[in-house]
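Peer 1: Just one file: query-v4.pdb, with PDB, C-alpha atoms, pLDDT in the B column.
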```
MODEL        1
ATOM      1  CA  MET N   7      -5.038   7.274 -16.037  1.00 88.00           C
ATOM      2  CA  THR N   8      -4.347   7.914 -12.383  1.00 93.00           C
ATOM      3  CA  THR N   9      -6.315   7.072  -9.267  1.00 95.00           C
ATOM      4  CA  ALA N  10      -7.844   9.260  -6.581  1.00 97.00           C
ATOM      5  CA  ILE N  11      -9.677   7.587  -3.707  1.00 98.00           C
ATOM      6  CA  GLY N  12     -12.163   9.498  -1.594  1.00 98.00           C
ATOM      7  CA  VAL N  13     -12.713   8.242   1.954  1.00 98.00           C
ATOM      8  CA  PHE N  14     -16.224   9.067   3.176  1.00 98.00           C
ATOM      9  CA  ASP N  15     -17.909   8.602   6.529  1.00 97.00           C
ATOM     10  CA  LYS N  16     -21.405   9.081   5.095  1.00 97.00           C
ATOM     11  CA  GLU N  17     -23.152   7.375   2.206  1.00 97.00           C
ATOM     12  CA  GLU N  18     -24.683  10.672   1.130  1.00 97.00           C
ATOM     13  CA  GLY N  19     -21.212  12.061   0.420  1.00 98.00           C
ATOM     14  CA  VAL N  20     -20.442   9.166  -1.903  1.00 97.00           C
ATOM     15  CA  LEU N  21     -23.724   9.686  -3.749  1.00 97.00           C
ATOM     16  CA  GLU N  22     -23.004  13.424  -4.043  1.00 97.00           C
ATOM     17  CA  ALA N  23     -19.535  12.713  -5.464  1.00 97.00           C
ATOM     18  CA  ILE N  24     -21.005  10.306  -8.016  1.00 95.00           C
ATOM     19  CA  LYS N  25     -23.497  12.977  -9.127  1.00 94.00           C
ATOM     20  CA  ARG N  26     -20.705  15.546  -9.435  1.00 95.00           C
ATOM     21  CA  PHE N  27     -18.521  13.197 -11.489  1.00 95.00           C
ATOM     22  CA  GLN N  28     -21.421  12.412 -13.794  1.00 91.00           C
ATOM     23  CA  ALA N  29     -22.245  16.111 -14.195  1.00 92.00           C
ATOM     24  CA  ALA N  30     -18.614  17.127 -14.871  1.00 88.00           C
ATOM     25  CA  ARG N  31     -18.272  15.109 -18.105  1.00 73.00           C
ATOM     26  CA  THR N  32     -15.163  17.117 -18.934  1.00 66.00           C
ATOM     27  CA  ASN N  33     -12.781  14.351 -17.899  1.00 67.00           C
ATOM     28  CA  ARG N  34     -12.797  10.654 -18.488  1.00 81.00           C
ATOM     29  CA  HIS N  35     -13.289   8.699 -15.290  1.00 88.00           C
ATOM     30  CA  ASN N  36     -14.246   5.261 -14.064  1.00 93.00           C
ATOM     31  CA  LEU N  37     -15.848   5.036 -10.639  1.00 95.00           C
ATOM     32  CA  ARG N  38     -16.380   2.191  -8.220  1.00 97.00           C
ATOM     33  CA  ILE N  39     -17.374   1.971  -4.584  1.00 97.00           C
ATOM     34  CA  VAL N  40     -15.490  -0.191  -2.096  1.00 98.00           C
ATOM     35  CA  LEU N  41     -17.072  -0.912   1.270  1.00 96.00           C
ATOM     36  CA  LYS N  42     -17.077  -3.393   4.119  1.00 95.00           C
ATOM     37  CA  ASN N  43     -20.448  -4.963   3.299  1.00 94.00           C
ATOM     38  CA  LYS N  44     -23.729  -3.984   1.720  1.00 93.00           C
ATOM     39  CA  GLU N  45     -25.567  -4.098   5.035  1.00 95.00           C
ATOM     40  CA  SER N  46     -23.531  -1.083   6.151  1.00 93.00           C
ATOM     41  CA  ALA N  47     -24.557   0.926   3.071  1.00 95.00           C
ATOM     42  CA  PRO N  48     -28.255   0.562   2.236  1.00 96.00           C
ATOM     43  CA  LEU N  49     -28.411   3.908   0.395  1.00 95.00           C
ATOM     44  CA  LEU N  50     -25.459   3.088  -1.844  1.00 95.00           C
ATOM     45  CA  VAL N  51     -26.777  -0.364  -2.640  1.00 93.00           C
ATOM     46  CA  SER N  52     -30.253   0.884  -3.531  1.00 93.00           C
ATOM     47  CA  ASP N  53     -29.403   4.185  -5.237  1.00 82.00           C
ATOM     48  CA  SER N  54     -26.113   3.659  -6.991  1.00 71.00           C
ATOM     49  CA  SER N  55     -25.537   2.691 -10.593  1.00 85.00           C
ATOM     50  CA  ILE N  56     -21.802   2.480  -9.834  1.00 92.00           C
ATOM     51  CA  PRO N  57     -20.245  -0.970  -9.252  1.00 95.00           C
ATOM     52  CA  ILE N  58     -19.945  -1.853  -5.575  1.00 96.00           C
ATOM     53  CA  GLU N  59     -17.192  -4.102  -4.285  1.00 96.00           C
ATOM     54  CA  GLU N  60     -17.958  -5.584  -0.874  1.00 96.00           C
ATOM     55  CA  VAL N  61     -14.699  -6.568   0.824  1.00 95.00           C
ATOM     56  CA  TYR N  62     -16.181  -9.018   3.336  1.00 92.00           C
ATOM     57  CA  GLU N  63     -18.301 -10.790   0.732  1.00 91.00           C
ATOM     58  CA  ILE N  64     -15.315 -11.126  -1.574  1.00 91.00           C
ATOM     59  CA  ARG N  65     -13.272 -12.502   1.344  1.00 88.00           C
ATOM     60  CA  GLU N  66     -15.948 -15.094   2.044  1.00 86.00           C
ATOM     61  CA  ALA N  67     -15.999 -16.122  -1.605  1.00 86.00           C
ATOM     62  CA  GLN N  68     -12.227 -16.575  -1.572  1.00 81.00           C
ATOM     63  CA  GLU N  69     -11.979 -18.546   1.663  1.00 77.00           C
ATOM     64  CA  VAL N  70     -11.062 -22.185   1.689  1.00 48.00           C
ATOM     65  CA  ASN N  71     -14.115 -24.362   1.148  1.00 44.00           C
ATOM     66  CA  GLN N  72     -14.593 -27.777   2.698  1.00 35.00           C
ATOM     67  CA  SER N  73     -12.870 -29.591  -0.136  1.00 41.00           C
ATOM     68  CA  GLY N  74      -9.686 -27.637   0.580  1.00 55.00           C
ATOM     69  CA  THR N  75      -9.666 -25.485  -2.532  1.00 57.00           C
ATOM     70  CA  ILE N  76      -9.835 -21.726  -2.734  1.00 54.00           C
ATOM     71  CA  THR N  77     -12.706 -20.180  -4.618  1.00 53.00           C
ATOM     72  CA  PRO N  78     -11.124 -17.965  -7.271  1.00 54.00           C
ATOM     73  CA  LEU N  79     -11.698 -14.221  -7.254  1.00 53.00           C
ATOM     74  CA  SER N  80     -13.605 -14.476 -10.513  1.00 49.00           C
ATOM     75  CA  ALA N  81     -16.432 -16.164  -8.595  1.00 47.00           C
ATOM     76  CA  ALA N  82     -16.708 -13.231  -6.200  1.00 49.00           C
ATOM     77  CA  PRO N  83     -19.439 -10.628  -6.648  1.00 48.00           C
ATOM     78  CA  PHE N  84     -18.461  -7.212  -7.980  1.00 45.00           C
ATOM     79  CA  ALA N  85     -21.700  -5.259  -8.201  1.00 45.00           C
ATOM     80  CA  ALA N  86     -24.739  -4.492  -6.132  1.00 42.00           C
ATOM     81  CA  GLY N  87     -27.497  -7.028  -6.451  1.00 43.00           C
ATOM     82  CA  SER N  88     -25.185  -9.964  -7.055  1.00 41.00           C
ATOM     83  CA  GLY N  89     -26.571 -13.360  -6.244  1.00 40.00           C
ATOM     84  CA  TYR N  90     -23.789 -14.683  -4.009  1.00 37.00           C
ATOM     85  CA  THR N  91     -25.013 -16.094  -0.725  1.00 38.00           C
ATOM     86  CA  ALA N  92     -22.681 -17.226   2.043  1.00 42.00           C
ATOM     87  CA  GLY N  93     -22.888 -20.996   2.378  1.00 41.00           C
ATOM     88  CA  SER N  94     -23.859 -21.580  -1.233  1.00 37.00           C
ATOM     89  CA  THR N  95     -22.255 -24.274  -3.327  1.00 40.00           C
ATOM     90  CA  GLY N  96     -18.664 -23.577  -4.337  1.00 41.00           C
ATOM     91  CA  LEU N  97     -17.020 -24.319  -7.665  1.00 42.00           C
ATOM     92  CA  ASN N  98     -15.976 -27.829  -6.664  1.00 40.00           C
ATOM     93  CA  GLY N  99     -19.411 -28.868  -5.437  1.00 42.00           C
ATOM     94  CA  GLY N 100     -18.713 -28.334  -1.750  1.00 42.00           C
ATOM     95  CA  PRO N 101     -20.303 -25.566   0.259  1.00 42.00           C
ATOM     96  CA  THR N 102     -18.219 -22.466   0.726  1.00 41.00           C
ATOM     97  CA  GLY N 103     -17.378 -21.822   4.329  1.00 40.00           C
ATOM     98  CA  ILE N 104     -17.183 -18.881   6.655  1.00 38.00           C
ATOM     99  CA  ALA N 105     -14.147 -18.933   8.936  1.00 38.00           C
ATOM    100  CA  ALA N 106     -15.154 -19.275  12.558  1.00 37.00           C
ATOM    101  CA  GLY N 107     -13.081 -18.358  15.549  1.00 36.00           C
ATOM    102  CA  ALA N 108     -10.040 -16.138  15.816  1.00 39.00           C
ATOM    103  CA  VAL N 109      -7.603 -18.393  13.963  1.00 44.00           C
ATOM    104  CA  LYS N 110      -6.508 -17.129  10.569  1.00 49.00           C
ATOM    105  CA  LEU N 111      -5.066 -19.757   8.277  1.00 52.00           C
ATOM    106  CA  ASP N 112      -2.152 -18.696   6.071  1.00 54.00           C
ATOM    107  CA  ASN N 113      -4.190 -19.206   2.924  1.00 60.00           C
ATOM    108  CA  GLU N 114      -7.229 -17.200   4.094  1.00 61.00           C
ATOM    109  CA  PRO N 115      -7.564 -13.850   2.359  1.00 72.00           C
ATOM    110  CA  ASP N 116      -7.580 -10.719   4.478  1.00 90.00           C
ATOM    111  CA  THR N 117      -8.710  -7.199   3.622  1.00 93.00           C
ATOM    112  CA  LYS N 118      -5.307  -6.297   2.169  1.00 95.00           C
ATOM    113  CA  ASP N 119      -5.421  -9.338  -0.128  1.00 94.00           C
ATOM    114  CA  VAL N 120      -8.898  -8.445  -1.353  1.00 95.00           C
ATOM    115  CA  LEU N 121      -7.941  -4.810  -1.983  1.00 97.00           C
ATOM    116  CA  HIS N 122      -4.920  -5.959  -3.971  1.00 96.00           C
ATOM    117  CA  ASP N 123      -7.019  -8.472  -5.927  1.00 94.00           C
ATOM    118  CA  ILE N 124      -9.621  -5.867  -6.899  1.00 96.00           C
ATOM    119  CA  GLY N 125      -6.910  -3.616  -8.305  1.00 96.00           C
ATOM    120  CA  ILE N 126      -6.177  -1.126  -5.546  1.00 97.00           C
ATOM    121  CA  GLU N 127      -2.613   0.118  -6.002  1.00 97.00           C
ATOM    122  CA  ASP N 128      -0.068  -1.031  -3.409  1.00 97.00           C
ATOM    123  CA  LYS N 129       0.520   2.503  -2.103  1.00 97.00           C
ATOM    124  CA  PHE N 130      -3.198   2.759  -1.185  1.00 98.00           C
ATOM    125  CA  ILE N 131      -3.716  -0.675   0.378  1.00 98.00           C
ATOM    126  CA  GLU N 132      -2.858   0.109   4.016  1.00 98.00           C
ATOM    127  CA  PRO N 133      -4.890   3.340   4.312  1.00 98.00           C
ATOM    128  CA  CYS N 134      -7.790   1.736   2.420  1.00 98.00           C
ATOM    129  CA  LYS N 135      -7.698  -1.309   4.698  1.00 97.00           C
ATOM    130  CA  GLU N 136      -7.825   0.919   7.771  1.00 97.00           C
ATOM    131  CA  ALA N 137     -10.729   2.914   6.332  1.00 98.00           C
ATOM    132  CA  ILE N 138     -12.698  -0.226   5.390  1.00 97.00           C
ATOM    133  CA  ASP N 139     -12.065  -1.827   8.789  1.00 95.00           C
ATOM    134  CA  GLN N 140     -13.358   1.353  10.467  1.00 96.00           C
ATOM    135  CA  GLY N 141     -16.535   1.290   8.369  1.00 96.00           C
ATOM    136  CA  TYR N 142     -15.756   4.126   5.946  1.00 98.00           C
ATOM    137  CA  TYR N 143     -16.838   4.109   2.303  1.00 98.00           C
ATOM    138  CA  LEU N 144     -14.343   4.441  -0.545  1.00 98.00           C
ATOM    139  CA  LEU N 145     -15.057   5.969  -3.922  1.00 98.00           C
ATOM    140  CA  VAL N 146     -12.277   4.989  -6.313  1.00 98.00           C
ATOM    141  CA  ALA N 147     -11.930   7.298  -9.306  1.00 96.00           C
ATOM    142  CA  ASP N 148      -9.658   6.233 -12.137  1.00 95.00           C
ATOM    143  CA  THR N 149      -9.318   9.505 -13.985  1.00 93.00           C
ATOM    144  CA  ASP N 150      -7.191  11.506 -16.365  1.00 91.00           C
ATOM    145  CA  ASN N 151      -7.153  14.516 -14.001  1.00 92.00           C
ATOM    146  CA  GLU N 152      -6.151  13.527 -10.480  1.00 92.00           C
ATOM    147  CA  ALA N 153      -6.260  17.079  -9.068  1.00 94.00           C
ATOM    148  CA  ALA N 154      -9.765  17.772 -10.380  1.00 94.00           C
ATOM    149  CA  ALA N 155     -11.002  14.409  -9.107  1.00 95.00           C
ATOM    150  CA  GLY N 156      -9.498  15.069  -5.673  1.00 96.00           C
ATOM    151  CA  ALA N 157     -11.112  18.493  -5.476  1.00 96.00           C
ATOM    152  CA  LEU N 158     -14.479  17.049  -6.493  1.00 96.00           C
ATOM    153  CA  LEU N 159     -14.199  14.320  -3.836  1.00 98.00           C
ATOM    154  CA  LEU N 160     -13.384  16.877  -1.134  1.00 98.00           C
ATOM    155  CA  GLN N 161     -16.241  19.168  -2.230  1.00 97.00           C
ATOM    156  CA  SER N 162     -18.575  16.191  -1.893  1.00 98.00           C
ATOM    157  CA  GLY N 163     -17.635  15.532   1.708  1.00 98.00           C
ATOM    158  CA  ALA N 164     -14.671  13.159   1.592  1.00 98.00           C
ATOM    159  CA  TYR N 165     -12.734  13.608   4.791  1.00 96.00           C
ATOM    160  CA  LYS N 166      -9.586  12.363   3.062  1.00 97.00           C
ATOM    161  CA  VAL N 167      -8.419  11.856  -0.503  1.00 98.00           C
ATOM    162  CA  LEU N 168      -5.621   9.448  -1.406  1.00 98.00           C
ATOM    163  CA  TYR N 169      -3.500  10.230  -4.467  1.00 93.00           C
TER     164      TYR N 169
ENDMDL
END
```
Take the structure in the file and write it out as structure tokens.

Peer 2:
Amino acid sequence: MTTAIGVFDKEEGVLEAIKRFQAARTNRHNLRIVLKNKESAPLLVSDSSIPIEEVYEIREAQEVNQSGTITPLSAAPFAAGSGYTAGSTGLNGGPTGIAAGAVKLDNEPDTKDVLHDIGIEDKFIEPCKEAIDQGYYLLVADTDNEAAAGALLLQSGAYKVLY
């Protein structure tokens, strides 16, 4: 399987692409949405049956907690409606923390780290990071027909498709 990533500036475009993928049924595909946070995408969170990966929430879950350990990625939420709450108890009993201030510790995850950890290919990490940081929505399609997936993403309103 190959990957095509649609970069959307509107939630409605992502929903349209999902509908088109589901209607196509001629190719195998796995879809997932990657976005900055669920607050920026109320339509996707409420209407989508596709897994949603929230970069900022995953970053928070991975940050160093007060006991000095890093919460593993497996504890991070990967779908809409997950029960993770910032400040909740971490795996080692201490509360998870949110980094404050402009200082980034070497062991703090950044958007690139999260994208890598959720399986985004290295060649897509920089453009995906830029899109996420600018508030765009990503629809990641793992598919057996990259060209057809790209065309479908563009027809649905993606302003850019990464192959």

Peer 1: So, with all atoms listed in the file as the atoms that count, which of N:Lys42, N:His122, N:Lys25, N:Arg31 lies closest to Ile56 in chain N?

Peer 2: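 Going through N:Lys42, N:His122, N:Lys25, N:Arg31 one by one, the smallest distance to Ile56 in chain N is for N:Lys25.
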
Peer 1: Smallest atom-to-atom distance to Asp15 in chain N: which of N:Ala30, N:Tyr169, N:Ser162, N:Ala153, using all atoms listed in the file?

Peer 2: N:Ser162

Peer 1: Taking only C-alpha atoms into account, name the residue in N:Pro115, N:His35, N:Asp128, N:Pro48 that is nearest to Lys16 in chain N.

Peer 2: N:Pro48

Peer 1: CA of Ile11 in chain N and CA of Pro57 in chain N, how far apart in Å?

Peer 2: 14.7 Å

Peer 1: Just checking: using only C-alpha atoms, which residue out of N:Thr117, N:Gln140, N:Ser46, N:Thr9 ends up closest to Arg65 in chain N?

Peer 2: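 Closest to Arg65 in chain N, using only C-alpha atoms: N:Thr117.
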
Peer 1: So which one's closest to Tyr165 in chain N, N:Phe27, N:Tyr142, N:Phe130, N:Tyr62? Using only C-alpha atoms, please.

Peer 2: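 Nearest candidate to Tyr165 in chain N out of N:Phe27, N:Tyr142, N:Phe130, N:Tyr62: N:Tyr142.
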
Peer 1: Distance CA of Glu60 in chain N-CA of Ile39 in chain N, one decimal place?

Peer 2: 8.4 Å

Peer 1: Measuring atom to atom with only C-alpha atoms, identify which of N:Val20, N:Val146, N:Ala29, N:Leu41 is nearest to Asp53 in chain N.

Peer 2: N:Val20

Peer 1: Here's the selection I'm unsure about, the PyMOL selection byres ((chain N and resi 145) around 9); applied to the file above, which residues does it give, as a list in words?

Peer 2: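 When the PyMOL selection byres ((chain N and resi 145) around 9) is applied, the selected residues are Ala10, Ile11, Gly12, Val13, Phe14, Val20, Ala23, Ile24, Leu37, Arg38, Ile39, Val40, Leu41, Tyr143, Leu144, Val146, Ala147 and Leu159 of chain N.
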
Peer 1: Quick one, how far is CA of Arg26 in chain N from CA of Thr149 in chain N?

Peer 2: 13.7 Å

Peer 1: Using the chain letters and numbers from the file, which residues does the PyMOL selection byres ((chain N and resi 120) around 9) grab, as a CSV table (one decimal) with C-alpha atoms, keeping the file's coordinate frame?

Peer 2:
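Output saved as result.csv:
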```
chain,number,residue,atom,x,y,z
N,61,VAL,CA,-14.7,-6.6,0.8
N,62,TYR,CA,-16.2,-9.0,3.3
N,64,ILE,CA,-15.3,-11.1,-1.6
N,65,ARG,CA,-13.3,-12.5,1.3
N,68,GLN,CA,-12.2,-16.6,-1.6
N,79,LEU,CA,-11.7,-14.2,-7.3
N,115,PRO,CA,-7.6,-13.8,2.4
N,116,ASP,CA,-7.6,-10.7,4.5
N,117,THR,CA,-8.7,-7.2,3.6
N,118,LYS,CA,-5.3,-6.3,2.2
N,119,ASP,CA,-5.4,-9.3,-0.1
N,121,LEU,CA,-7.9,-4.8,-2.0
N,122,HIS,CA,-4.9,-6.0,-4.0
N,123,ASP,CA,-7.0,-8.5,-5.9
N,124,ILE,CA,-9.6,-5.9,-6.9
N,125,GLY,CA,-6.9,-3.6,-8.3
N,126,ILE,CA,-6.2,-1.1,-5.5
```

Peer 1: Got a minute to add all heavy atoms to range 143-154 of chain N and dump it as a PDB file, keeping the file's coordinate frame?

Peer 2:
```pdb
ATOM      1  N   TYR N 143     -16.512   4.448   3.683  1.00 98.00           N
ATOM      2  CA  TYR N 143     -16.838   4.109   2.303  1.00 98.00           C
ATOM      3  C   TYR N 143     -15.778   4.714   1.396  1.00 98.00           C
ATOM      4  O   TYR N 143     -15.373   5.854   1.576  1.00 98.00           O
ATOM      5  CB  TYR N 143     -18.208   4.675   1.918  1.00 98.00           C
ATOM      6  CG  TYR N 143     -19.270   4.396   2.953  1.00 98.00           C
ATOM      7  CD1 TYR N 143     -19.679   5.391   3.841  1.00 98.00           C
ATOM      8  CD2 TYR N 143     -19.854   3.144   3.047  1.00 98.00           C
ATOM      9  CE1 TYR N 143     -20.647   5.134   4.799  1.00 98.00           C
ATOM     10  CE2 TYR N 143     -20.821   2.881   4.002  1.00 98.00           C
ATOM     11  CZ  TYR N 143     -21.213   3.878   4.877  1.00 98.00           C
ATOM     12  OH  TYR N 143     -22.170   3.617   5.828  1.00 98.00           O
ATOM     13  N   LEU N 144     -15.347   3.955   0.399  1.00 98.00           N
ATOM     14  CA  LEU N 144     -14.343   4.441  -0.545  1.00 98.00           C
ATOM     15  C   LEU N 144     -14.986   4.627  -1.909  1.00 98.00           C
ATOM     16  O   LEU N 144     -15.729   3.764  -2.375  1.00 98.00           O
ATOM     17  CB  LEU N 144     -13.191   3.444  -0.676  1.00 98.00           C
ATOM     18  CG  LEU N 144     -12.486   2.993   0.597  1.00 98.00           C
ATOM     19  CD1 LEU N 144     -11.391   1.989   0.268  1.00 98.00           C
ATOM     20  CD2 LEU N 144     -11.929   4.172   1.364  1.00 98.00           C
ATOM     21  N   LEU N 145     -14.680   5.752  -2.530  1.00 98.00           N
ATOM     22  CA  LEU N 145     -15.057   5.969  -3.922  1.00 98.00           C
ATOM     23  C   LEU N 145     -13.754   6.067  -4.700  1.00 98.00           C
ATOM     24  O   LEU N 145     -12.966   6.991  -4.497  1.00 98.00           O
ATOM     25  CB  LEU N 145     -15.892   7.238  -4.108  1.00 98.00           C
ATOM     26  CG  LEU N 145     -16.363   7.498  -5.543  1.00 98.00           C
ATOM     27  CD1 LEU N 145     -17.245   6.350  -6.056  1.00 98.00           C
ATOM     28  CD2 LEU N 145     -17.101   8.812  -5.641  1.00 98.00           C
ATOM     29  N   VAL N 146     -13.513   5.069  -5.542  1.00 98.00           N
ATOM     30  CA  VAL N 146     -12.277   4.989  -6.313  1.00 98.00           C
ATOM     31  C   VAL N 146     -12.555   5.601  -7.683  1.00 98.00           C
ATOM     32  O   VAL N 146     -13.458   5.159  -8.399  1.00 98.00           O
ATOM     33  CB  VAL N 146     -11.810   3.526  -6.464  1.00 98.00           C
ATOM     34  CG1 VAL N 146     -10.526   3.451  -7.281  1.00 98.00           C
ATOM     35  CG2 VAL N 146     -11.627   2.877  -5.088  1.00 98.00           C
ATOM     36  N   ALA N 147     -11.775   6.621  -8.023  1.00 96.00           N
ATOM     37  CA  ALA N 147     -11.930   7.298  -9.306  1.00 96.00           C
ATOM     38  C   ALA N 147     -10.656   7.110 -10.112  1.00 96.00           C
ATOM     39  O   ALA N 147      -9.601   7.623  -9.748  1.00 96.00           O
ATOM     40  CB  ALA N 147     -12.202   8.786  -9.095  1.00 96.00           C
ATOM     41  N   ASP N 148     -10.752   6.336 -11.173  1.00 95.00           N
ATOM     42  CA  ASP N 148      -9.658   6.233 -12.137  1.00 95.00           C
ATOM     43  C   ASP N 148      -9.932   7.325 -13.151  1.00 95.00           C
ATOM     44  O   ASP N 148     -10.966   7.300 -13.831  1.00 95.00           O
ATOM     45  CB  ASP N 148      -9.636   4.855 -12.790  1.00 95.00           C
ATOM     46  CG  ASP N 148      -9.311   3.758 -11.786  1.00 95.00           C
ATOM     47  OD1 ASP N 148      -8.415   3.971 -10.953  1.00 95.00           O
ATOM     48  OD2 ASP N 148      -9.961   2.703 -11.834  1.00 95.00           O
ATOM     49  N   THR N 149      -9.033   8.283 -13.241  1.00 93.00           N
ATOM     50  CA  THR N 149      -9.318   9.505 -13.985  1.00 93.00           C
ATOM     51  C   THR N 149      -8.094  10.008 -14.731  1.00 93.00           C
ATOM     52  O   THR N 149      -6.971   9.604 -14.428  1.00 93.00           O
ATOM     53  CB  THR N 149      -9.843  10.592 -13.016  1.00 93.00           C
ATOM     54  OG1 THR N 149     -10.137  11.769 -13.744  1.00 93.00           O
ATOM     55  CG2 THR N 149      -8.839  10.899 -11.927  1.00 93.00           C
ATOM     56  N   ASP N 150      -8.311  10.899 -15.660  1.00 91.00           N
ATOM     57  CA  ASP N 150      -7.191  11.506 -16.365  1.00 91.00           C
ATOM     58  C   ASP N 150      -6.772  12.825 -15.714  1.00 91.00           C
ATOM     59  O   ASP N 150      -5.801  13.435 -16.123  1.00 91.00           O
ATOM     60  CB  ASP N 150      -7.506  11.704 -17.856  1.00 91.00           C
ATOM     61  CG  ASP N 150      -8.724  12.570 -18.109  1.00 91.00           C
ATOM     62  OD1 ASP N 150      -9.420  12.921 -17.136  1.00 91.00           O
ATOM     63  OD2 ASP N 150      -8.990  12.879 -19.283  1.00 91.00           O
ATOM     64  N   ASN N 151      -7.496  13.285 -14.693  1.00 92.00           N
ATOM     65  CA  ASN N 151      -7.153  14.516 -14.001  1.00 92.00           C
ATOM     66  C   ASN N 151      -7.270  14.295 -12.494  1.00 92.00           C
ATOM     67  O   ASN N 151      -8.319  14.525 -11.897  1.00 92.00           O
ATOM     68  CB  ASN N 151      -8.052  15.665 -14.463  1.00 92.00           C
ATOM     69  CG  ASN N 151      -7.594  17.008 -13.942  1.00 92.00           C
ATOM     70  OD1 ASN N 151      -6.933  17.101 -12.912  1.00 92.00           O
ATOM     71  ND2 ASN N 151      -7.949  18.056 -14.656  1.00 92.00           N
ATOM     72  N   GLU N 152      -6.184  13.867 -11.894  1.00 92.00           N
ATOM     73  CA  GLU N 152      -6.151  13.527 -10.480  1.00 92.00           C
ATOM     74  C   GLU N 152      -6.519  14.713  -9.587  1.00 92.00           C
ATOM     75  O   GLU N 152      -7.262  14.579  -8.624  1.00 92.00           O
ATOM     76  CB  GLU N 152      -4.740  13.024 -10.146  1.00 92.00           C
ATOM     77  CG  GLU N 152      -4.514  12.591  -8.737  1.00 92.00           C
ATOM     78  CD  GLU N 152      -3.084  12.114  -8.559  1.00 92.00           C
ATOM     79  OE1 GLU N 152      -2.817  10.926  -8.795  1.00 92.00           O
ATOM     80  OE2 GLU N 152      -2.234  12.948  -8.190  1.00 92.00           O
ATOM     81  N   ALA N 153      -6.004  15.901  -9.893  1.00 94.00           N
ATOM     82  CA  ALA N 153      -6.260  17.079  -9.068  1.00 94.00           C
ATOM     83  C   ALA N 153      -7.742  17.458  -9.091  1.00 94.00           C
ATOM     84  O   ALA N 153      -8.341  17.749  -8.046  1.00 94.00           O
ATOM     85  CB  ALA N 153      -5.400  18.248  -9.525  1.00 94.00           C
ATOM     86  N   ALA N 154      -8.347  17.439 -10.267  1.00 94.00           N
ATOM     87  CA  ALA N 154      -9.765  17.772 -10.380  1.00 94.00           C
ATOM     88  C   ALA N 154     -10.619  16.733  -9.658  1.00 94.00           C
ATOM     89  O   ALA N 154     -11.595  17.076  -8.981  1.00 94.00           O
ATOM     90  CB  ALA N 154     -10.173  17.873 -11.840  1.00 94.00           C
TER      91      ALA N 154
END
```
